[in-house]
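Below: one structure, written as C-alpha cells.
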Amino acid sequence: MQRTLEVTVEHWPIAGRFAISRGARTEAVVVVASIWSDGVLGRGESVPYPRYGETPDGVKAAVEAMGGSVADGLDRAALLAAMPPGAARNAIDCALWDLEAKLSGTPASTLAGVQPLRPVETAFTISLDTPEAMAEAARRASERPLLKIKLGADGDPERLAAVRAAVPRARLIADANEGWSAANFAANMEASAAAGVELVEQPLPAGDDALLAGAARRVPVCADESLHVASDLAPLRGRYDAVNIKLDKTGGLTEALATASAARDLGFKVMVGCMVSTSLAMAPATLLAQTADFVDLDGPLLLAADRQPGLVYRGSLLSPPEGKLWG
C-alpha cells in the first residue's frame with residue numbers, strides 16, 4: 001500500500017483570551033499530519049509548545065522530514081525510535097493510529113485494548129487574571145463540577161479565596177505552571193488547602209523541584225512540565241503524588257499509554273491533560289481518560305469554534321469520539 005504524508009498548520013481563534021503564568025494568547029496554532037493510503041485518511045493533531053523550543057514551522061518541517069519513512073511503511077514502534085518526544089511525533093503517531101483503525105475497520109480503542117469507551121467528566125479551565133475577574137469567570141462556569149484554576153503570579157492566595165467564595169461547591173484543581181518559588185510555596189500551598197483544592201499542578205519549575213521531596217504537601221502535587229515520557233517517572237517519586245500525561249509531551253498515544261501504565265505501577269495518580277486545541281487533538285486522549293483519576297480535556301471548549309465533526313460535550317461530560325473524527 002502506497003502511503004503519502006501531508007502536513008498543514010492551522011489557526012483556531014480562542015474565545016476571548018487564554019492566560020497562564022508564562023503569558024497569554026488569543027489563538028491556538030496546531031499542526032495536522034494527514035496520512036493517505038489507498039484513499040483512506042488518517043489524521044493527527046498536535047500543538048507546538050514554545051516552552052520546549054517548538055514552533056509551528058519547526059514542527060511542520062519535522063513532520064515533513066518523515067514523509068519518506070511514512071511512505072516506506074513506518075509503524076508506531078519504528079516511529080518511537082526515529083523521532084524524539086514532542087508535537088511532531090504526536091501528530092504522526094495519532095495519524096498512524098487513525099489510519100490503522102480506518103483501514104482495519106477496528107476502532108482505535110479496541111486496537112489499544114481500551115474498551116468499552118464511556119463518557120468522562122472533564123475539568124474546565126479558568127485563565128490567570130485578577131482575583132475579581134477569575135471569580136467572575138468561575139461564577140459563569142458554576143454549573144461545571146470541576147474547575148482548573150490557572151495560577152503562578154503574585155496574589156495567588158487572593159485568587160484562590162476569591163474563586164472559592166464564588167463557587168463554594170465546585171471541585172478545584174490549581175495549576176501554577178512552574179510559577180511558584182521556594183519563597184512562596186508554603187503560603188500558596190496553605191491557601192490551596194484552605195480553598196479545598198484537590199490537586200496542585202507543577203508548582204515549581206521543572207528541574208528545580210527538589211524542595212518537594214521534603215515539603216509538607218497538604219494538597220497532593222501533580223507533575224506536568226517535569227514529566228514527558230515513562231523514563232521520567234522514577235525520579236519523580238517522593239516529589240509528586242500524581243502526573244499529568246499529555247500527548248504533545250509524550251510524542252503520541254503510543255508512549256502516552258505506556259507512560260500511564262508505568263505511572264500507575266509506581267503508585268502515581270494519573271491526570272490526562274491537553275493543550276488548547278481542537279477535538280482532533282482531544283480524541284486520542286479520550287482513550288487515556290478512561291482510567292485517569294483526573295481528566296482535563298477542555299481544549300475545544302476554550303475555542304471560539306471547534307472543527308466539525310467534533311467531540312460532543314454535554315456540559316463537562318465528554319463523549320467518546322465518532323470514527324468520522326478520529327479512530
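Letters for chains follow the order of the C-alpha cells (A, B, ...), residue numbers begin at 1 for each chain, and ligand numbers begin at 1 in the order shown.
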Just the residues within 7 Å of Arg3 (chain A), please, counting only C-alpha atoms, with nothing from its chain fewer than 4 positions along; format it as a compact mmCIF listing (two decimals) with C-alpha atoms, in the first residue's frame.
```txt
# COMPACT_ATOMS: atom_id res chain seq x y z
CA ILE A 35 -1.56 10.11 6.04
CA TRP A 36 -3.30 8.74 2.95
CA SER A 37 -3.33 5.06 1.99
CA VAL A 70 5.95 7.01 6.23
CA ALA A 71 5.75 6.12 2.54
```
* To do: List the neighbours of Glu201 (chain A) out to 8 Å using only C-alpha atoms; skip same-chain residues closer than 6 positions along the sequence, and give me the result as a ChimeraX atom specification.
  => /A:173-177,221-224
Write the residues of the selection above to a file with all heavy atoms, as an mmCIF file, in the first residue's frame.
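Saved file selection-v5.cif follows:
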```cif
data_model
loop_
_atom_site.group_PDB
_atom_site.id
_atom_site.type_symbol
_atom_site.label_atom_id
_atom_site.label_comp_id
_atom_site.auth_asym_id
_atom_site.auth_seq_id
_atom_site.Cartn_x
_atom_site.Cartn_y
_atom_site.Cartn_z
ATOM 1 N N ILE A 173 -8.951 22.307 40.964
ATOM 2 C CA ILE A 173 -7.547 21.976 40.721
ATOM 3 C C ILE A 173 -6.825 23.307 40.535
ATOM 4 O O ILE A 173 -7.343 24.202 39.870
ATOM 5 C CB ILE A 173 -7.377 21.110 39.462
ATOM 6 C CG1 ILE A 173 -8.067 19.761 39.624
ATOM 7 C CG2 ILE A 173 -5.897 20.912 39.127
ATOM 8 C CD1 ILE A 173 -8.141 18.961 38.327
ATOM 9 N N ALA A 174 -5.640 23.448 41.109
ATOM 10 C CA ALA A 174 -4.836 24.653 40.930
ATOM 11 C C ALA A 174 -3.619 24.316 40.085
ATOM 12 O O ALA A 174 -2.920 23.337 40.360
ATOM 13 C CB ALA A 174 -4.392 25.210 42.279
ATOM 14 N N ASP A 175 -3.359 25.109 39.052
ATOM 15 C CA ASP A 175 -2.237 24.859 38.148
ATOM 16 C C ASP A 175 -1.349 26.092 38.101
ATOM 17 O O ASP A 175 -1.719 27.119 37.540
ATOM 18 C CB ASP A 175 -2.757 24.525 36.738
ATOM 19 C CG ASP A 175 -1.638 24.149 35.784
ATOM 20 O OD1 ASP A 175 -0.468 24.081 36.222
ATOM 21 O OD2 ASP A 175 -1.931 23.920 34.595
ATOM 22 N N ALA A 176 -0.150 25.970 38.699
ATOM 23 C CA ALA A 176 0.760 27.109 38.775
ATOM 24 C C ALA A 176 1.686 27.214 37.575
ATOM 25 O O ALA A 176 2.397 28.216 37.435
ATOM 26 C CB ALA A 176 1.591 27.030 40.059
ATOM 27 N N ASN A 177 1.746 26.204 36.720
ATOM 28 C CA ASN A 177 2.606 26.248 35.530
ATOM 29 C C ASN A 177 4.017 26.728 35.853
ATOM 30 O O ASN A 177 4.540 27.642 35.199
ATOM 31 C CB ASN A 177 1.995 27.128 34.434
ATOM 32 C CG ASN A 177 0.845 26.458 33.711
ATOM 33 O OD1 ASN A 177 -0.296 26.891 33.827
ATOM 34 N ND2 ASN A 177 1.121 25.396 32.968
ATOM 35 N N VAL A 221 0.378 16.930 44.954
ATOM 36 C CA VAL A 221 1.054 17.703 43.924
ATOM 37 C C VAL A 221 1.225 16.843 42.676
ATOM 38 O O VAL A 221 1.608 15.674 42.760
ATOM 39 C CB VAL A 221 2.413 18.222 44.427
ATOM 40 C CG1 VAL A 221 3.161 18.958 43.319
ATOM 41 C CG2 VAL A 221 2.224 19.140 45.629
ATOM 42 N N CYS A 222 0.959 17.449 41.515
ATOM 43 C CA CYS A 222 0.984 16.749 40.235
ATOM 44 C C CYS A 222 2.096 17.305 39.353
ATOM 45 O O CYS A 222 2.211 18.521 39.189
ATOM 46 C CB CYS A 222 -0.376 16.908 39.540
ATOM 47 S SG CYS A 222 -0.494 16.150 37.912
ATOM 48 N N ALA A 223 2.890 16.425 38.771
ATOM 49 C CA ALA A 223 3.927 16.834 37.823
ATOM 50 C C ALA A 223 3.315 17.054 36.450
ATOM 51 O O ALA A 223 2.547 16.228 35.965
ATOM 52 C CB ALA A 223 5.014 15.766 37.731
ATOM 53 N N ASP A 224 3.659 18.179 35.834
ATOM 54 C CA ASP A 224 3.273 18.421 34.442
ATOM 55 C C ASP A 224 4.534 18.639 33.622
ATOM 56 O O ASP A 224 5.026 17.732 32.958
ATOM 57 C CB ASP A 224 2.319 19.603 34.347
ATOM 58 C CG ASP A 224 1.815 19.840 32.923
ATOM 59 O OD1 ASP A 224 2.275 19.151 31.987
ATOM 60 O OD2 ASP A 224 0.960 20.717 32.721
#
```
Could you give me, as JSON lines, every region 226-265 of chain A residue with an atom at most 8 Å from region 287-305 of chain A, plus its closest atom pair and distance in Å to one decimal, counting only C-alpha atoms, rows ordered by chain then number?
```
{"residue": "A:Ala256", "atom": "CA", "partner": "A:Leu288", "partner_atom": "CA", "distance": 7.7}
{"residue": "A:Leu257", "atom": "CA", "partner": "A:Leu288", "partner_atom": "CA", "distance": 6.7}
{"residue": "A:Ala260", "atom": "CA", "partner": "A:Leu288", "partner_atom": "CA", "distance": 7.6}
```
Writing out the chosen residues with all heavy atoms as a compact mmCIF listing (two decimals), in the first residue's frame:
```txt
# COMPACT_ATOMS: atom_id res chain seq x y z
N ALA A 256 2.11 7.57 25.41
CA ALA A 256 1.23 8.01 26.48
C ALA A 256 0.61 6.82 27.20
O ALA A 256 0.50 6.81 28.44
CB ALA A 256 0.14 8.93 25.94
N LEU A 257 0.17 5.82 26.46
CA LEU A 257 -0.40 4.62 27.07
C LEU A 257 0.64 3.92 27.94
O LEU A 257 0.35 3.46 29.05
CB LEU A 257 -0.92 3.68 26.00
CG LEU A 257 -2.17 4.15 25.24
CD1 LEU A 257 -2.39 3.31 23.99
CD2 LEU A 257 -3.40 4.10 26.14
N ALA A 260 1.23 6.03 31.14
CA ALA A 260 0.14 5.91 32.10
C ALA A 260 0.23 4.58 32.84
O ALA A 260 0.03 4.53 34.07
CB ALA A 260 -1.20 6.03 31.38
```
* Asked: Which neighbours of Phe185 (chain A) fall inside 12 Å, counting only C-alpha atoms, when residues of the same chain fewer than 3 positions from it are skipped, and could you give them as JSON, numbers by chain?
  -> {"A": [152, 153, 154, 156, 157, 176, 178, 179, 180, 181, 182, 188, 189, 190, 191, 192, 200, 202, 203, 204, 205, 209, 211, 212, 215, 216, 217, 218, 219, 221]}
Could the residues in this selection be written to a file with C-alpha atoms, as a short mmCIF file (atom, residue, chain, number, x, y, z; two decimals), in the first residue's frame?
```
data_model
loop_
_atom_site.label_atom_id
_atom_site.label_comp_id
_atom_site.auth_asym_id
_atom_site.auth_seq_id
_atom_site.Cartn_x
_atom_site.Cartn_y
_atom_site.Cartn_z
CA GLY A 152 1.53 31.36 39.10
CA ALA A 153 1.73 35.09 39.87
CA ASP A 154 1.79 37.38 42.90
CA ASP A 156 -2.40 33.63 44.21
CA PRO A 157 -3.84 33.22 47.74
CA ALA A 176 0.76 27.11 38.77
CA GLU A 178 6.01 26.44 37.31
CA GLY A 179 5.12 29.90 38.61
CA TRP A 180 5.76 29.44 42.34
CA SER A 181 9.08 29.58 44.17
CA ALA A 182 10.66 28.34 47.37
CA ASN A 188 0.42 29.17 48.37
CA MET A 189 0.01 25.57 49.43
CA GLU A 190 -1.67 26.72 52.65
CA ALA A 191 -4.05 28.87 50.62
CA SER A 192 -4.75 25.90 48.33
CA VAL A 200 -1.85 21.37 42.71
CA GLN A 202 3.57 21.86 38.81
CA PRO A 203 4.06 24.50 41.50
CA LEU A 204 7.83 24.80 40.98
CA PRO A 205 9.96 24.92 37.84
CA ASP A 209 11.63 20.96 42.36
CA LEU A 211 12.04 21.17 47.62
CA LEU A 212 9.00 18.97 47.06
CA ALA A 215 7.96 19.66 51.89
CA ALA A 216 4.73 19.04 53.72
CA ARG A 217 2.20 18.55 50.95
CA ARG A 218 -1.20 19.29 52.47
CA VAL A 219 -2.58 19.09 48.95
CA VAL A 221 1.05 17.70 43.92
#
```
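Of the residues listed (A:Gly73, A:Pro50, A:Pro13, A:Pro145), A:Pro13 shows the shortest atom-to-atom separation from Arg307 (chain A); distances use only C-alpha atoms.
In this structure, CA of Leu103 (chain A) sits 22.9 Å away from CA of Val31 (chain A).
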* Asked: Closest to Met271 (chain A) among A:Ala137, A:Leu227, A:Val312, A:Ile126, using only C-alpha atoms?
  -> A:Leu227
* Structure fact -> If you count only C-alpha atoms, the residue of A:Leu325, A:Leu151, A:Leu99, A:Val276 closest to Trp12 (chain A) turns out to be A:Val276
* To do: Write out as a PyMOL selection string all residues of region 49-171 of chain A that backbone DSSP assigns to helix (DSSP H, G or I).
  => chain A and resi 50-52+56-64+67-71+76-82+87-104+108-111+131-140+156-166
Now that the selection is made, can you save its residues with C-alpha atoms as a PDB file, in the first residue's frame?
```pdb
ATOM      1  CA  PRO A  50       7.335  27.313  22.923  1.00  0.00           C
ATOM      2  CA  ARG A  51       8.135  26.101  26.468  1.00  0.00           C
ATOM      3  CA  TYR A  52      10.002  23.218  24.809  1.00  0.00           C
ATOM      4  CA  PRO A  56       4.742  25.713  14.123  1.00  0.00           C
ATOM      5  CA  ASP A  57       7.233  25.927  11.261  1.00  0.00           C
ATOM      6  CA  GLY A  58       9.729  23.717  13.069  1.00  0.00           C
ATOM      7  CA  VAL A  59       7.154  21.060  13.906  1.00  0.00           C
ATOM      8  CA  LYS A  60       5.793  21.154  10.363  1.00  0.00           C
ATOM      9  CA  ALA A  61       9.292  20.667   8.959  1.00  0.00           C
ATOM     10  CA  ALA A  62       9.979  17.779  11.357  1.00  0.00           C
ATOM     11  CA  VAL A  63       6.789  16.029  10.275  1.00  0.00           C
ATOM     12  CA  GLU A  64       7.523  16.626   6.593  1.00  0.00           C
ATOM     13  CA  GLY A  67       7.485  11.645   4.584  1.00  0.00           C
ATOM     14  CA  GLY A  68       9.823   9.089   3.044  1.00  0.00           C
ATOM     15  CA  SER A  69       9.734   6.846   6.092  1.00  0.00           C
ATOM     16  CA  VAL A  70       5.951   7.010   6.230  1.00  0.00           C
ATOM     17  CA  ALA A  71       5.746   6.115   2.541  1.00  0.00           C
ATOM     18  CA  ARG A  76       4.383   3.232  15.502  1.00  0.00           C
ATOM     19  CA  ALA A  77       7.198   1.213  17.084  1.00  0.00           C
ATOM     20  CA  ALA A  78       9.694   2.444  14.498  1.00  0.00           C
ATOM     21  CA  LEU A  79       8.402   5.992  14.953  1.00  0.00           C
ATOM     22  CA  LEU A  80       9.294   5.907  18.652  1.00  0.00           C
ATOM     23  CA  ALA A  81      12.894   5.131  17.720  1.00  0.00           C
ATOM     24  CA  ALA A  82      13.028   7.566  14.798  1.00  0.00           C
ATOM     25  CA  ALA A  87       4.476  17.669  18.996  1.00  0.00           C
ATOM     26  CA  ALA A  88       5.855  16.432  15.665  1.00  0.00           C
ATOM     27  CA  ARG A  89       5.911  12.789  16.730  1.00  0.00           C
ATOM     28  CA  ASN A  90       2.485  13.154  18.307  1.00  0.00           C
ATOM     29  CA  ALA A  91       0.897  14.285  15.044  1.00  0.00           C
ATOM     30  CA  ILE A  92       2.329  11.323  13.112  1.00  0.00           C
ATOM     31  CA  ASP A  93       1.656   8.750  15.836  1.00  0.00           C
ATOM     32  CA  CYS A  94      -2.002   9.732  16.170  1.00  0.00           C
ATOM     33  CA  ALA A  95      -2.385   9.765  12.383  1.00  0.00           C
ATOM     34  CA  LEU A  96      -0.996   6.218  12.253  1.00  0.00           C
ATOM     35  CA  TRP A  97      -3.482   5.072  14.909  1.00  0.00           C
ATOM     36  CA  ASP A  98      -6.343   6.673  12.984  1.00  0.00           C
ATOM     37  CA  LEU A  99      -5.198   5.190   9.674  1.00  0.00           C
ATOM     38  CA  GLU A 100      -4.887   1.678  11.108  1.00  0.00           C
ATOM     39  CA  ALA A 101      -8.328   1.914  12.659  1.00  0.00           C
ATOM     40  CA  LYS A 102      -9.914   3.008   9.391  1.00  0.00           C
ATOM     41  CA  LEU A 103      -8.051   0.501   7.206  1.00  0.00           C
ATOM     42  CA  SER A 104      -8.801  -2.407   9.539  1.00  0.00           C
ATOM     43  CA  ALA A 108      -8.502   2.550  17.844  1.00  0.00           C
ATOM     44  CA  SER A 109      -9.807   1.903  21.347  1.00  0.00           C
ATOM     45  CA  THR A 110     -10.022  -1.819  20.541  1.00  0.00           C
ATOM     46  CA  LEU A 111      -6.558  -1.795  18.988  1.00  0.00           C
ATOM     47  CA  PRO A 131      -8.936  37.693  41.674  1.00  0.00           C
ATOM     48  CA  GLU A 132     -12.115  39.545  40.767  1.00  0.00           C
ATOM     49  CA  ALA A 133     -12.020  38.524  37.096  1.00  0.00           C
ATOM     50  CA  MET A 134     -11.266  34.897  37.959  1.00  0.00           C
ATOM     51  CA  ALA A 135     -14.082  34.827  40.487  1.00  0.00           C
ATOM     52  CA  GLU A 136     -16.479  36.136  37.841  1.00  0.00           C
ATOM     53  CA  ALA A 137     -15.251  33.581  35.287  1.00  0.00           C
ATOM     54  CA  ALA A 138     -15.699  30.812  37.843  1.00  0.00           C
ATOM     55  CA  ARG A 139     -19.188  32.090  38.648  1.00  0.00           C
ATOM     56  CA  ARG A 140     -20.108  31.909  34.951  1.00  0.00           C
ATOM     57  CA  ASP A 156      -2.397  33.634  44.209  1.00  0.00           C
ATOM     58  CA  PRO A 157      -3.838  33.225  47.739  1.00  0.00           C
ATOM     59  CA  GLU A 158      -6.281  36.036  46.949  1.00  0.00           C
ATOM     60  CA  ARG A 159      -7.197  34.373  43.636  1.00  0.00           C
ATOM     61  CA  LEU A 160      -7.887  31.068  45.369  1.00  0.00           C
ATOM     62  CA  ALA A 161     -10.013  32.676  48.072  1.00  0.00           C
ATOM     63  CA  ALA A 162     -11.996  34.698  45.526  1.00  0.00           C
ATOM     64  CA  VAL A 163     -12.721  31.685  43.324  1.00  0.00           C
ATOM     65  CA  ARG A 164     -13.739  29.530  46.266  1.00  0.00           C
ATOM     66  CA  ALA A 165     -16.116  32.232  47.504  1.00  0.00           C
ATOM     67  CA  ALA A 166     -17.633  32.479  44.020  1.00  0.00           C
TER      68      ALA A 166
END
```
* Asked: So, counting only C-alpha atoms, which residue among A:Gly310, A:Pro85, A:Gly16, A:Pro119 is closest to Pro48 (chain A)?
  -> A:Pro85
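Using only C-alpha atoms, the smallest distance between any of A:Ala65, A:Ser277, A:Gly327, A:Ala193 and Val29 (chain A) comes from A:Ser277.
When CA of Ala112 (chain A) is paired with CA of Asp248 (chain A), their separation reads 18.3 Å.
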